[in-house]
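*Asks:* One structure is given below, represented as structure tokens, and several questions about it will come after.
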Amino acid sequence: RRASDAGLGRFVDILQTREVDLWVAGARGVAKLTGPVRRLTPETAWEVRLMPEESQHQLVGRIHEDEEGGLTSVAEAPDEVRLVVHFDGTAWQPPMLAPPGTRGAWRGTEGTVWAHTRAGLFVHRGDDWEADPAPELEGAQIYEVAPEVGDAFWLATSAGVLRHSPNLWRAVGGAGASTEPVRSLLEAAESRICFLEDRGLRVRENETERYIPFPAETECMRESRPAWLWGAVWFV
């Protein structure tokens, strides 16, 4: 079966997901074939997800799955500008301008986006791209990437195979940016963690964060230990 038969245009890539489904990527979008892969046949239905009709760019890079099941790739606009595009499993998100010459792109944790050109590795953590100054990549050419779940990934380079892994110790989110001591931690629910500070409770869930100040008359709460019961945080 041809990718063009599903309206995807020129074939770009194929990916088996962790859920044993199959994604087929073409220049105009992606199509999902529900697995397991060994049971797929030419008659298996294709769930096609094309990029918006008004968009002029086309996929040119391999597709990479993130830990939430979304897909990230590289697209090229008519003026040869490279873009990072992301399909969150339901819809295509607005594209992000990529470094010139980007060949591959993928998402890490906490909103981090990685990209590589032939000659460099870049990371986007906030408002702009930053070059990764890895000494192992100096003078090397990057040919391909194989991301793992999280922020680890493998690179095929002219200097051999390299693996990137995050620091074992690092400041995470609001707790790292806070000027107050963090007295206690509480995993309140799946993907949610609470930090007990001197003046309030900082709640982090997925990529969002909110701060709940303590009432003025409850200064002793910083010596308390939080507990998660019946869908609420209790202090004991």
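Residues in the structure tokens are named by chain (A, B, ... in the order shown) and by number from 1 within that chain; ligands are numbered from 1 in the order shown.
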For range 149-154 of chain A, please output as JSON, numbers by chain all residues within 8 Å (counting only C-alpha atoms; exclusion window: fewer than 5 positions along the same chain).

*Replies:* {"A": [66, 67, 108, 109, 161, 162, 163, 164, 165, 166]}

*Asks:* Skip Val24 in chain A itself and residues of its chain fewer than 2 positions away, then list as a list in words all residues within 9 Å of it, counting only C-alpha atoms.

*Replies:*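 Counting only C-alpha atoms, the residues come to Ala3, Leu8, Phe11, Val12, Asp13, Ile14, Leu15, Gln16, Leu22, Gly26, Gly29, Val30, Ala31, Lys32, Leu33 and Ile63 of chain A.
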
*Asks:* Name the residues of range 4-199 of chain A that come out as strand (DSSP E) in a backbone DSSP run; write them as a VMD selection string.

*Replies:* chain A and resid 11 to 16 22 to 26 29 to 33 47 to 50 58 to 59 64 to 65 71 to 76 82 to 87 96 to 97 104 to 107 113 to 116 121 to 124 129 to 131 142 to 147 153 to 157 160 to 164 182 to 189 192 to 197

*Asks:* Using CA of Glu136 in chain A and CA of His64 in chain A as the two end points, give the distance in Å to one decimal.

*Replies:* 23.6 Å

*Asks:* Hey, what's within 8 Å of Trp114 in chain A if we count only C-alpha atoms and toss same-chain stuff fewer than 6 positions away? As a list in words, please?

*Replies:*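 Non-adjacent residues within range: Ala105, Trp106, Arg107, Gly108, Leu121, Phe122, Val123 and His124 of chain A.
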
*Asks:* For range 85-96 of chain A, please output as a PyMOL selection string all residues within 7 Å (counting only C-alpha atoms; exclusion window: fewer than 5 positions along the same chain).

*Replies:* chain A and resi 51+69-75

*Asks:* For range 125-127 of chain A, work out the shell of residues within 9 Å, counting only C-alpha atoms and skipping chain neighbours fewer than 4 positions away, then give it as a list in words.

*Replies:*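 Contacts, in chain order: Glu110, Gly111, Thr112, Val113 and Trp114 of chain A.
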
*Asks:* Give the answer as one residue: which of A:Arg118, A:Arg204, A:Arg62, A:Arg103 has the shortest atom-to-atom distance to Trp23 in chain A, using only C-alpha atoms?

*Replies:*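 Using only C-alpha atoms, the shortest distance to Trp23 in chain A belongs to A:Arg62.
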
*Asks:* CA of Pro52 in chain A to CA of Trp129 in chain A: how many Å, to one decimal?

*Replies:*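 Computing the Euclidean distance for CA of Pro52 in chain A and CA of Trp129 in chain A yields 25.4 Å.
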
*Asks:* Mind listing the helix (DSSP H, G or I) residues of range 68-183 of chain A, per DSSP on the backbone, as a VMD selection string?

*Replies:* chain A and resid 135 to 137 173 to 177

*Asks:* Could you jot down the CA of Gly139 in chain A to CA of Gly120 in chain A separation for me, Å, one decimal place?

*Replies:*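 CA of Gly120 in chain A lies 9.1 Å from CA of Gly139 in chain A.
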